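Asker: See target34.txt below, with compact mmCIF, C-alpha atoms.
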# COMPACT_ATOMS: atom_id res chain seq x y z
CA MET R 23 -1.47 38.76 -9.79
CA ILE R 24 -4.74 37.01 -10.65
CA HIS R 25 -2.67 34.30 -12.28
CA LYS R 26 -0.85 33.70 -8.96
CA LEU R 27 -3.94 33.85 -6.79
CA ALA R 28 -6.17 31.66 -8.94
CA PRO R 29 -4.96 28.31 -7.50
CA ALA R 30 -5.38 29.52 -3.92
CA MET R 31 -8.89 30.82 -4.67
CA LEU R 32 -9.80 27.56 -6.33
CA LEU R 33 -8.56 25.69 -3.27
CA VAL R 34 -10.59 27.80 -0.85
CA VAL R 35 -13.73 27.36 -2.96
CA SER R 36 -13.15 23.61 -3.17
CA ILE R 37 -12.61 23.15 0.56
CA THR R 38 -15.57 25.35 1.44
CA PHE R 39 -17.76 23.46 -0.99
CA GLY R 40 -16.38 20.14 0.20
CA ILE R 41 -16.84 20.78 3.91
CA ALA R 42 -20.29 22.25 3.39
CA GLY R 43 -21.21 19.32 1.16
CA SER R 44 -20.00 16.64 3.49
CA GLY R 45 -21.44 18.45 6.46
CA SER R 46 -24.87 18.31 4.95
CA ALA R 47 -24.37 14.74 3.81
CA THR R 48 -23.44 13.36 7.19
CA GLY R 49 -24.64 15.98 9.58
CA PRO R 50 -27.78 16.09 11.66
CA ASN R 51 -30.77 16.34 9.35
CA SER R 52 -33.84 17.14 11.35
CA SER R 53 -37.33 17.45 9.97
CA ARG R 54 -39.80 20.16 11.00
CA HIS R 55 -41.13 17.91 13.72
CA GLY R 56 -37.69 17.32 15.16
CA GLU R 57 -37.56 13.71 14.05
CA ARG R 58 -34.37 12.34 12.64
CA GLU R 59 -34.51 11.46 8.96
CA THR R 60 -32.21 8.59 8.22
CA ASP R 61 -31.15 7.05 4.98
CA ASP R 62 -32.94 3.82 5.88
CA ARG R 63 -34.52 3.32 2.47
CA GLY R 64 -31.20 3.78 0.67
CA VAL R 65 -29.45 1.29 2.92
CA LEU R 66 -32.29 -1.17 2.52
CA GLN R 67 -31.93 -0.91 -1.25
CA ALA R 68 -28.15 -1.17 -1.02
CA ILE R 69 -28.26 -4.33 1.11
CA ALA R 70 -30.84 -5.77 -1.26
CA LYS R 71 -28.27 -5.47 -4.05
CA ALA R 72 -25.96 -7.94 -2.30
CA PRO R 73 -25.29 -10.92 -4.58
CA VAL R 74 -27.40 -13.95 -3.73
CA LYS R 75 -24.29 -16.01 -2.96
CA THR R 76 -23.47 -13.71 -0.03
CA ARG R 77 -26.49 -15.08 1.84
CA GLN R 78 -24.66 -18.40 2.09
CA TRP R 79 -21.45 -16.90 3.47
CA HIS R 80 -20.75 -18.14 6.96
CA ASN R 81 -19.26 -15.89 9.62
CA PRO R 82 -16.10 -17.72 10.80
CA TYR R 83 -16.44 -15.99 14.17
CA ASP R 84 -20.06 -16.94 14.74
CA ASP R 85 -20.93 -17.18 18.45
CA GLN R 86 -17.43 -16.29 19.60
CA PRO R 87 -17.60 -13.81 22.49
CA SER R 88 -14.04 -12.63 21.86
CA ALA R 89 -14.98 -11.77 18.26
CA ILE R 90 -17.92 -9.68 19.50
CA LEU R 91 -15.57 -7.78 21.82
CA ALA R 92 -13.03 -7.29 19.04
CA GLY R 93 -15.88 -6.21 16.75
CA LYS R 94 -17.03 -3.70 19.32
CA LYS R 95 -13.53 -2.26 19.51
CA LEU R 96 -13.42 -1.97 15.72
CA TYR R 97 -16.93 -0.52 15.64
CA ILE R 98 -15.91 2.24 18.06
CA GLN R 99 -12.78 2.98 16.02
CA HIS R 100 -14.42 3.07 12.60
CA CYS R 101 -18.21 3.27 12.80
CA ALA R 102 -19.32 5.03 15.99
CA GLU R 103 -18.62 8.53 14.66
CA CYS R 104 -21.56 8.17 12.23
CA HIS R 105 -23.70 5.40 13.67
CA GLY R 106 -23.32 6.49 17.29
CA ALA R 107 -21.75 4.67 20.20
CA ASN R 108 -24.99 2.77 20.74
CA GLY R 109 -25.59 2.07 17.05
CA ARG R 110 -28.78 4.15 16.90
CA GLY R 111 -27.45 6.30 14.05
CA ILE R 112 -26.55 9.98 13.76
CA GLY R 113 -27.85 12.17 10.97
CA ARG R 114 -28.34 10.11 7.83
CA ALA R 115 -26.30 7.19 9.17
CA VAL R 116 -28.64 4.28 9.66
CA ASN R 117 -29.90 2.89 12.97
CA LEU R 118 -28.26 -0.52 13.19
CA HIS R 119 -30.95 -1.87 15.51
CA LEU R 120 -33.60 -1.65 12.80
CA PRO R 121 -35.19 -4.98 11.83
CA TYR R 122 -34.03 -4.97 8.22
CA VAL R 123 -30.40 -4.52 9.32
CA GLN R 124 -30.71 -7.25 11.93
CA ARG R 125 -32.57 -9.53 9.48
CA ALA R 126 -29.78 -9.25 6.89
CA THR R 127 -27.59 -12.33 6.80
CA PRO R 128 -24.00 -12.05 8.10
CA GLY R 129 -22.77 -12.49 4.53
CA GLU R 130 -24.90 -9.60 3.25
CA LEU R 131 -23.60 -7.36 6.03
CA GLU R 132 -20.00 -8.32 5.36
CA TRP R 133 -20.51 -7.63 1.66
CA PHE R 134 -22.11 -4.28 2.46
CA LEU R 135 -19.21 -3.30 4.75
CA ARG R 136 -16.74 -4.20 2.02
CA ASP R 137 -18.60 -2.38 -0.75
CA GLY R 138 -20.08 0.53 1.14
CA ASN R 139 -22.71 2.79 -0.37
CA LEU R 140 -20.50 5.52 -1.73
CA TRP R 141 -23.18 7.78 -3.20
CA ALA R 142 -25.03 7.78 0.11
CA GLY R 143 -21.89 8.53 2.14
CA MET R 144 -21.15 5.06 3.53
CA PRO R 145 -17.46 4.40 2.81
CA SER R 146 -16.12 1.10 1.59
CA TRP R 147 -14.27 -0.77 4.33
CA SER R 148 -12.37 -3.01 1.96
CA GLY R 149 -9.17 -1.66 3.49
CA LEU R 150 -9.95 -3.56 6.65
CA PRO R 151 -8.94 -7.22 6.43
CA GLU R 152 -11.87 -9.57 5.88
CA GLN R 153 -11.42 -11.06 9.35
CA ARG R 154 -12.00 -7.68 10.96
CA ARG R 155 -15.11 -7.07 8.89
CA TRP R 156 -16.51 -10.39 10.13
CA GLN R 157 -15.72 -9.34 13.69
CA ILE R 158 -17.71 -6.15 13.15
CA VAL R 159 -20.58 -8.24 11.76
CA SER R 160 -20.42 -10.37 14.93
CA TYR R 161 -20.81 -7.24 17.00
CA LEU R 162 -23.65 -5.86 14.84
CA LYS R 163 -25.56 -9.12 15.21
CA SER R 164 -25.05 -8.96 18.98
CA LEU R 165 -27.04 -5.69 19.06
CA ARG R 166 -30.28 -7.64 18.61
CA MET G 6 31.58 14.98 21.01
CA ILE G 7 29.38 17.37 23.01
CA PHE G 8 30.44 20.25 20.80
CA ARG G 9 29.54 18.22 17.74
CA PHE G 10 26.10 17.34 19.16
CA ARG G 11 25.44 20.99 20.01
CA HIS G 12 26.53 22.07 16.58
CA ILE G 13 24.13 19.59 14.98
CA SER G 14 21.30 20.71 17.30
CA LEU G 15 21.79 24.34 16.39
CA ARG G 16 21.85 23.47 12.74
CA PHE G 17 18.65 21.45 13.13
CA ALA G 18 16.96 24.39 14.86
CA SER G 19 18.05 26.72 12.10
CA TRP G 20 16.35 24.45 9.55
CA TRP G 21 13.00 25.01 11.12
CA PHE G 22 13.00 28.67 11.92
CA PRO G 23 14.67 30.67 9.17
CA GLY G 24 12.50 32.83 6.91
CA GLY G 25 10.71 30.47 4.54
CA THR G 26 9.86 27.66 6.91
CA ARG G 27 8.49 29.92 9.64
CA PHE G 28 5.14 29.94 7.87
CA PHE G 29 5.24 26.17 7.54
CA VAL G 30 5.93 25.70 11.27
CA ARG G 31 3.18 28.13 12.28
CA VAL G 32 0.63 26.43 10.10
CA SER G 33 1.64 23.05 11.49
CA LEU G 34 1.40 24.26 15.10
CA GLY G 35 -1.97 25.85 14.37
CA PHE G 36 -3.35 22.60 13.11
CA PHE G 37 -1.90 20.69 16.05
CA ILE G 38 -3.79 23.01 18.38
CA LEU G 39 -6.93 22.60 16.30
CA TYR G 40 -6.40 18.89 16.50
CA PHE G 41 -6.27 18.82 20.28
CA VAL G 42 -9.32 21.09 20.52
CA LEU G 43 -11.55 19.24 18.08
CA VAL G 44 -10.26 15.81 18.06
CA GLN G 45 -12.13 12.59 18.18
CA ARG G 46 -9.66 10.05 17.08
CA THR G 47 -10.01 7.13 14.77
CA ASN G 48 -7.87 4.79 12.74
CA ALA G 49 -7.92 5.25 9.01
CA GLN G 50 -7.70 2.29 6.70
CA GLU G 51 -5.13 3.86 4.42
CA THR G 52 -2.11 1.98 3.23
CA PRO G 53 1.38 2.89 4.43
CA TYR G 54 2.99 4.01 1.17
CA PHE G 55 4.71 7.37 0.73
CA VAL G 56 4.62 7.44 -3.06
CA ALA G 57 2.12 4.83 -4.22
CA TYR G 58 -1.61 5.29 -3.67
CA SER G 59 -4.24 2.65 -3.13
CA HIS G 60 -7.99 2.89 -3.77
CA HIS G 61 -8.72 3.47 -0.09
CA LEU G 62 -9.93 7.03 0.27
CA GLU G 63 -10.36 9.17 3.35
CA GLU G 64 -13.63 8.53 5.13
CA PRO G 65 -16.13 11.33 4.33
CA GLY G 66 -15.92 14.28 6.70
CA ASN G 67 -12.64 13.14 8.26
CA LEU G 68 -9.49 15.23 8.17
CA GLU G 69 -6.08 13.64 8.43
CA ILE G 70 -3.07 15.79 9.20
CA GLU G 71 0.32 14.33 8.52
CA LEU G 72 3.80 15.68 9.04
CA SER G 73 6.32 13.82 6.93
CA THR G 74 9.99 14.23 6.19
CA ASN G 75 12.36 13.01 3.54
CA TYR G 76 16.04 12.83 4.42
CA GLY G 77 18.29 12.29 1.41
CA THR G 78 21.96 11.72 0.77
CA GLN G 79 23.47 13.70 -2.07
CA THR G 80 26.52 12.73 -4.10
CA ARG G 81 27.55 16.09 -5.60
CA GLY G 82 26.15 18.42 -3.00
CA ASN G 83 24.96 18.45 0.56
CA ASP G 84 22.52 16.06 2.19
CA PHE G 85 19.07 17.50 2.84
CA ILE G 86 15.93 17.10 4.84
CA ALA G 87 12.59 17.95 3.24
CA PRO G 88 9.56 18.15 5.57
CA TRP G 89 6.04 18.52 4.27
CA VAL G 90 2.62 18.71 5.85
CA GLU G 91 -0.51 17.12 4.35
CA PHE G 92 -4.14 17.89 5.03
CA GLU G 93 -6.26 15.09 3.66
CA TYR G 94 -10.01 15.51 3.70
CA GLY G 95 -12.76 13.09 2.74
CA VAL G 96 -15.13 15.30 0.75
CA LYS G 97 -17.33 12.38 -0.23
CA ALA G 98 -16.98 8.65 0.11
CA TRP G 99 -15.79 8.68 -3.52
CA TRP G 100 -13.73 11.89 -3.44
CA THR G 101 -10.70 12.79 -1.34
CA SER G 102 -8.96 16.14 -1.50
CA GLU G 103 -5.48 16.76 -0.17
CA PHE G 104 -3.38 19.87 0.31
CA TYR G 105 0.38 19.85 0.81
CA LEU G 106 2.84 22.45 2.01
CA ASP G 107 6.43 21.58 1.12
CA SER G 108 9.71 22.82 2.51
CA GLN G 109 13.31 21.73 2.66
CA ALA G 110 16.61 22.43 4.39
CA THR G 111 19.97 21.57 2.91
CA PHE G 112 23.02 21.02 5.10
CA GLY G 113 25.48 23.89 4.81
CA ASP G 114 23.01 25.85 2.69
CA SER G 115 19.61 27.25 3.69
CA ALA G 116 16.02 26.29 4.48
CA LEU G 117 13.01 27.42 2.52
CA PHE G 118 9.33 26.92 1.81
CA THR G 119 9.18 25.32 -1.62
CA GLY G 120 5.49 25.56 -2.53
CA PHE G 121 2.17 23.77 -2.37
CA ARG G 122 0.29 20.95 -4.03
CA TRP G 123 -3.39 20.30 -4.22
CA GLU G 124 -4.60 16.89 -5.23
CA ASN G 125 -7.97 15.24 -5.73
CA ARG G 126 -8.69 11.54 -6.00
CA PHE G 127 -11.93 10.25 -7.45
CA ARG G 128 -13.34 6.77 -7.40
CA PRO G 129 -15.33 6.28 -10.62
CA LEU G 130 -16.71 2.82 -9.81
CA MET G 131 -19.01 2.65 -6.83
CA HIS G 132 -18.46 -1.03 -6.01
CA GLU G 133 -15.47 -3.13 -5.10
CA HIS G 134 -13.86 -5.00 -7.96
CA TRP G 135 -10.91 -7.27 -8.44
CA ILE G 136 -8.99 -4.17 -9.61
CA ASN G 137 -10.25 -0.79 -8.44
CA PRO G 138 -9.34 2.31 -10.44
CA ILE G 139 -8.91 5.77 -8.95
CA LEU G 140 -8.44 8.93 -10.99
CA TYR G 141 -5.99 11.42 -9.54
CA VAL G 142 -5.46 15.06 -10.50
CA GLU G 143 -2.96 17.34 -8.80
CA TYR G 144 -1.95 20.93 -9.28
CA GLU G 145 1.60 21.75 -8.16
CA ASN G 146 3.01 25.19 -7.59
CA LEU G 147 6.58 24.54 -6.49
CA ASN G 148 10.02 25.89 -7.03
CA GLY G 149 13.00 23.92 -8.28
CA ALA G 150 14.42 23.51 -4.77
CA ASP G 151 11.67 21.08 -3.74
CA LYS G 152 13.21 17.82 -2.51
CA THR G 153 10.28 15.96 -1.00
CA THR G 154 10.54 13.21 -3.67
CA ILE G 155 6.87 12.35 -3.34
CA GLU G 156 7.12 11.01 -6.87
CA VAL G 157 9.70 10.53 -9.60
CA VAL G 158 8.80 11.41 -13.18
CA GLY G 159 10.51 12.01 -16.50
CA PHE G 160 14.28 12.11 -16.12
CA ASP G 161 14.35 13.15 -12.47
CA THR G 162 17.76 12.32 -11.03
CA GLN G 163 19.64 13.12 -7.86
CA ALA G 164 21.66 15.73 -9.80
CA ASP G 165 18.46 17.86 -9.85
CA HIS G 166 18.90 18.32 -6.10
CA ALA G 167 22.58 19.32 -6.23
CA PRO G 168 22.37 23.08 -7.05
CA ARG G 169 22.39 25.54 -4.17
CA ASN G 170 18.98 26.65 -2.94
CA THR G 171 19.32 30.24 -4.15
CA GLU G 172 19.88 28.95 -7.67
CA ALA G 173 17.36 26.10 -7.63
CA SER G 174 14.55 28.16 -6.15
CA LYS G 175 14.56 30.48 -9.18
CA GLU G 176 12.93 27.73 -11.24
CA HIS G 177 9.14 27.83 -11.05
CA GLN G 178 7.37 24.48 -11.45
CA HIS G 179 3.78 25.06 -12.35
CA GLU G 180 2.56 21.57 -13.08
CA LEU G 181 -0.46 19.37 -13.54
CA GLU G 182 -0.03 15.79 -12.42
CA THR G 183 -2.38 12.95 -13.22
CA LYS G 184 -2.34 9.37 -12.05
CA LEU G 185 -4.20 6.24 -12.84
CA ILE G 186 -4.29 4.27 -9.61
CA LEU G 187 -5.14 0.59 -9.77
CA SER G 188 -5.49 -1.21 -6.50
CA SER G 189 -6.61 -4.60 -5.21
CA ASP G 190 -7.13 -6.24 -1.85
CA TYR G 191 -6.57 -9.96 -1.54
CA LYS G 192 -6.38 -11.98 1.67
CA GLY G 193 -5.25 -9.00 3.72
CA TRP G 194 -2.75 -7.80 1.13
CA ASN G 195 -3.09 -4.53 -0.70
CA ILE G 196 -1.45 -4.37 -4.09
CA SER G 197 -1.35 -0.99 -5.83
CA GLU G 198 0.01 0.18 -9.16
CA ASN G 199 0.18 3.83 -10.16
CA PHE G 200 0.89 5.27 -13.58
CA ILE G 201 1.91 8.92 -13.42
CA GLY G 202 1.71 11.57 -16.12
CA GLU G 203 2.94 15.06 -15.28
CA LYS G 204 2.82 18.17 -17.46
CA ASN G 205 4.62 21.40 -16.82
CA LEU G 206 2.02 24.01 -17.73
CA GLY G 207 4.75 25.88 -19.60
CA HIS G 208 6.14 24.29 -22.69
CA GLN G 209 7.70 21.00 -21.65
CA PRO G 210 6.52 17.53 -22.72
CA TRP G 211 4.54 15.12 -20.59
CA GLU G 212 6.72 13.29 -18.07
CA PHE G 213 5.88 9.80 -16.92
CA GLY G 214 6.57 7.75 -13.84
CA TYR G 215 5.38 4.74 -11.93
CA ALA G 216 4.89 3.53 -8.38
CA ALA G 217 3.86 0.13 -7.12
CA GLY G 218 3.40 -1.17 -3.63
CA ALA G 219 2.27 -4.15 -1.60
CA SER G 220 1.43 -4.18 2.09
CA ARG G 221 -0.26 -6.29 4.72
CA PRO G 222 -1.08 -6.00 8.43
CA LEU G 223 1.02 -8.34 10.56
CA ARG G 224 -2.19 -9.78 12.02
CA LEU G 225 -5.46 -9.80 10.12
CA SER G 226 -7.97 -10.18 12.93
CA ALA G 227 -8.32 -7.75 15.83
CA THR G 228 -7.80 -8.59 19.47
CA PRO G 229 -10.59 -7.75 21.93
CA GLU G 230 -8.28 -5.58 24.03
CA THR G 231 -7.03 -2.15 23.15
CA CYS G 232 -3.29 -2.44 22.75
CA ASN G 233 -0.34 -0.45 21.45
CA PHE G 234 2.15 -3.09 20.47
CA CYS G 235 0.00 -5.95 19.22
CA LEU G 236 0.68 -7.16 15.70
CA GLU G 237 -2.66 -5.97 14.33
CA ASN G 238 -1.41 -2.37 14.70
CA PHE G 239 1.56 -2.87 12.38
CA VAL G 240 1.40 -2.83 8.61
CA VAL G 241 4.48 -3.81 6.64
CA GLY G 242 5.12 -3.57 2.94
CA ALA G 243 7.34 -2.28 0.19
CA GLU G 244 7.06 0.14 -2.66
CA PHE G 245 8.96 0.71 -5.87
CA PHE G 246 8.94 3.96 -7.79
CA GLY G 247 10.78 5.67 -10.59
CA GLY G 248 10.63 7.62 -13.82
CA LEU G 249 9.58 6.53 -17.28
CA GLY G 250 10.95 9.36 -19.41
CA THR G 251 8.83 11.75 -21.41
CA SER G 252 6.39 11.68 -24.30
CA TRP G 253 9.38 12.36 -26.55
CA ASN G 254 11.47 9.55 -25.08
CA PHE G 255 9.59 6.91 -23.11
CA THR G 256 12.25 4.89 -21.29
CA THR G 257 13.43 3.60 -17.93
CA ALA G 258 17.03 4.67 -18.66
CA GLY G 259 18.50 7.99 -17.59
CA THR G 260 16.10 8.43 -14.69
CA SER G 261 16.02 7.25 -11.09
CA HIS G 262 14.41 4.21 -9.49
CA TYR G 263 13.94 3.26 -5.85
CA ALA G 264 12.95 0.29 -3.70
CA ALA G 265 11.61 1.01 -0.23
CA PRO G 266 10.44 -1.24 2.60
CA ILE G 267 7.81 0.39 4.81
CA VAL G 268 6.46 -0.05 8.31
CA LYS G 269 3.37 1.71 9.63
CA TRP G 270 2.27 1.64 13.23
CA HIS G 271 -1.31 2.55 14.16
CA LEU G 272 -1.80 3.59 17.74
CA PRO G 273 -5.29 2.91 19.09
CA HIS G 274 -6.23 6.58 19.42
CA GLY G 275 -5.84 7.63 15.83
CA VAL G 276 -2.15 8.40 15.75
CA SER G 277 -0.01 6.65 13.15
CA PHE G 278 3.71 6.54 12.53
CA ARG G 279 5.35 5.29 9.40
CA VAL G 280 8.94 4.99 8.34
CA SER G 281 10.54 3.89 5.12
CA PRO G 282 14.16 3.75 4.02
CA ALA G 283 14.44 3.94 0.23
CA PHE G 284 17.40 2.64 -1.71
CA GLY G 285 18.43 3.97 -5.09
CA LEU G 286 18.56 1.25 -7.72
CA ASN G 287 20.88 3.00 -10.17
CA GLY G 288 23.50 5.72 -10.35
CA ASN G 289 20.91 8.40 -11.16
CA SER G 290 19.15 7.84 -7.85
CA HIS G 291 19.95 9.10 -4.40
CA ALA G 292 21.83 6.26 -2.73
CA PHE G 293 19.59 6.50 0.31
CA LEU G 294 16.41 8.28 1.34
CA LEU G 295 14.78 7.99 4.72
CA ARG G 296 11.11 8.99 4.88
CA TRP G 297 9.13 9.15 8.08
CA GLY G 298 5.80 10.63 9.09
CA VAL G 299 3.33 11.01 11.90
CA SER G 300 -0.38 11.45 11.22
CA TYR G 301 -3.53 12.24 13.16
CA GLU G 302 -7.07 11.69 12.06
CA ILE G 303 -9.85 14.05 13.12
CA ASP G 304 -13.15 12.23 12.94
CA GLY G 305 -16.20 14.15 11.72
CA PHE G 306 -14.20 17.32 11.05
CA GLY G 307 -16.50 18.37 8.20
CA ARG G 308 -19.64 17.95 10.27
CA LYS G 309 -18.21 19.99 13.13
CA VAL G 310 -17.05 22.81 10.88
CA GLY G 311 -20.28 22.60 8.85
CA GLY G 312 -22.22 22.99 12.10
CA TRP G 313 -20.59 26.37 12.74
CA PHE G 314 -22.27 27.77 9.62
CA ARG G 315 -25.81 26.62 10.36
Do you think you could lay out the structure here as structure tokens?

Answerer:
Amino acid sequence: MIHKLAPAMLLVVSITFGIAGSGSATGPNSSRHGERETDDRGVLQAIAKAPVKTRQWHNPYDDQPSAILAGKKLYIQHCAECHGANGRGIGRAVNLHLPYVQRATPGELEWFLRDGNLWAGMPSWSGLPEQRRWQIVSYLKSLR
Amino acid sequence: MIFRFRHISLRFASWWFPGGTRFFVRVSLGFFILYFVLVQRTNAQETPYFVAYSHHLEEPGNLEIELSTNYGTQTRGNDFIAPWVEFEYGVKAWWTSEFYLDSQATFGDSALFTGFRWENRFRPLMHEHWINPILYVEYENLNGADKTTIEVVGFDTQADHAPRNTEASKEHQHELETKLILSSDYKGWNISENFIGEKNLGHQPWEFGYAAGASRPLRLSATPETCNFCLENFVVGAEFFGGLGTSWNFTTAGTSHYAAPIVKWHLPHGVSFRVSPAFGLNGNSHAFLLRWGVSYEIDGFGRKVGGWFR
């Protein structure tokens, strides 16, 4: 009997652990004073790891209003769940209006979207075609 | 003609509601309801393959529910339809866990629940590379009547699916499956290669198989408008899969091989459809398989459920 139930028990433990784990990783994380603690420092460090050559990368959709609109659509589909509809961040997900995000070059942001920051919970968006990542970068830069 | 249609309809209904599959249907309906209660929809970036895997994992905290079906023709036996339901959860950005419930119904025979699978995919390298490896481990607790054909290993042939369900279901498959997934993205294309090793936890040797796929969206950039039928929502590709014998006899002969074009259609609100006819490439294969599936992605599922326990 134990032999038959073991896989099911293992599954329940895994899912419980997994949901609890991811809930704490991405969920609201308030301090005692009610202020939101974000993973700003981690993201700053992650963006700083972008290869130097990425600073030279040019956004092919620079200054194209249609790309900003397309980027906004993509942002709502893929990013808003964690970063919020207004980009101010939810839980540990970073506030995209912060100066160090806005100061990052388009190339660094595109690289960061492609690579993600997997340990910190930011997925890699390499599955999105490069063009769509640039469109998201166009939208992020329009938040300034 | 009408009689024939009615006969087919009744037979279809009997596939879904006799004993074994009742549980499967209830679970599926339960999750559909949960979906409509909780849902915030999104589009996943997963590739369209049925057998091959890419390095794109489920986004952390998201739950994807997919209902898929495999229809197969059978040379010495009756054709069948094998539905399964998948629950794919992004535990971490580098770890995806997936649970399957399998069932099948064979024409002129019976319908039954055939077991479950539980798989985990881990991404060992934290950055994107030219080739991205994923480690895959799956536990399978199935019976011999399973016909989902989610992978082909060892000397799997269509003859394995010929026995009647009462006979086939007596075999207990208690297996550990591992995969090395290698995957690359280049100019909008995804190219994935999977090497499969499966071990029956009884006494049998390791069985090997392969799967490879390539896919690409029909349009790489997004349009500003939300649309259903624009090219950016369609992903097309193909996959190839088959067996590679066992650790005692590593070979491509005596097993089955398939080639399968695939189309996936993402609707803007997180619903995806995919369909793939698969063609057997030798006499050991089913001449024709038709796989189709519909999936829904629940954004932030983990956070919502986690919030209930705080």

Asker: Write out as a PyMOL selection string every residue belonging to chain G that has an atom at most 6 Å from any atom of chain R, counting only C-alpha atoms.

Answerer: chain G and resi 47+50+66+96+98-99+132-133+193+225-229+307-308+311

Asker: Using C-alpha atoms, can you export the residues from the last selection as a PDB file, in the coordinates of the input?

Answerer:
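Generated file (again_10.pdb):
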ATOM      1  CA  THR G  47     -10.010   7.130  14.770  1.00  0.00           C
ATOM      2  CA  GLN G  50      -7.700   2.290   6.700  1.00  0.00           C
ATOM      3  CA  GLY G  66     -15.920  14.280   6.700  1.00  0.00           C
ATOM      4  CA  VAL G  96     -15.130  15.300   0.750  1.00  0.00           C
ATOM      5  CA  ALA G  98     -16.980   8.650   0.110  1.00  0.00           C
ATOM      6  CA  TRP G  99     -15.790   8.680  -3.520  1.00  0.00           C
ATOM      7  CA  HIS G 132     -18.460  -1.030  -6.010  1.00  0.00           C
ATOM      8  CA  GLU G 133     -15.470  -3.130  -5.100  1.00  0.00           C
ATOM      9  CA  GLY G 193      -5.250  -9.000   3.720  1.00  0.00           C
ATOM     10  CA  LEU G 225      -5.460  -9.800  10.120  1.00  0.00           C
ATOM     11  CA  SER G 226      -7.970 -10.180  12.930  1.00  0.00           C
ATOM     12  CA  ALA G 227      -8.320  -7.750  15.830  1.00  0.00           C
ATOM     13  CA  THR G 228      -7.800  -8.590  19.470  1.00  0.00           C
ATOM     14  CA  PRO G 229     -10.590  -7.750  21.930  1.00  0.00           C
ATOM     15  CA  GLY G 307     -16.500  18.370   8.200  1.00  0.00           C
ATOM     16  CA  ARG G 308     -19.640  17.950  10.270  1.00  0.00           C
ATOM     17  CA  GLY G 311     -20.280  22.600   8.850  1.00  0.00           C
TER      18      GLY G 311
END

Asker: Mind pulling up the distance from CA of Lys75 in chain R to CA of Tyr97 in chain R?

Answerer: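 Value for the CA of Tyr97 in chain R-CA of Lys75 in chain R distance: 25.3 Å.
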
Asker: Kindly list the centre and edge lengths in Å, rounded to one decimal, for the axis-aligned box that covers all listed atoms of range 64-72 of chain R plus 8 Å on each of its six sides, as lines of an AutoDock Vina configuration file.

Answerer:
center_x = -29.1
center_y = -2.1
center_z = -0.6
size_x = 22.3
size_y = 27.7
size_z = 23.0

Asker: For the atom pair CA of Pro88 in chain G and CA of Thr153 in chain G, what is the interatomic distance in Å to one decimal place?

Answerer: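 Pair CA of Pro88 in chain G / CA of Thr153 in chain G returns 7.0 Å.
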
Asker: May I ask which of the residues G:Ser290, G:Asn125, G:Ser174, G:Thr78 is the closest one to Ile139 in chain G, counting all atoms listed in the file?

Answerer: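 Closest residue, counting all atoms listed in the file: G:Asn125.
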
Asker: What separation in Å, quoted to one decimal, exists between CA of Val240 in chain G and CA of Ala219 in chain G?

Answerer: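 One can read the CA of Val240 in chain G to CA of Ala219 in chain G distance as 10.3 Å.
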
Asker: Just checking: using only C-alpha atoms, which residue out of R:Thr76, R:Asn81, R:Gln86, R:Ser164 ends up closest to Leu118 in chain R?

Answerer: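 Of R:Thr76, R:Asn81, R:Gln86, R:Ser164, the one nearest Leu118 in chain R, counting only C-alpha atoms, is R:Ser164.
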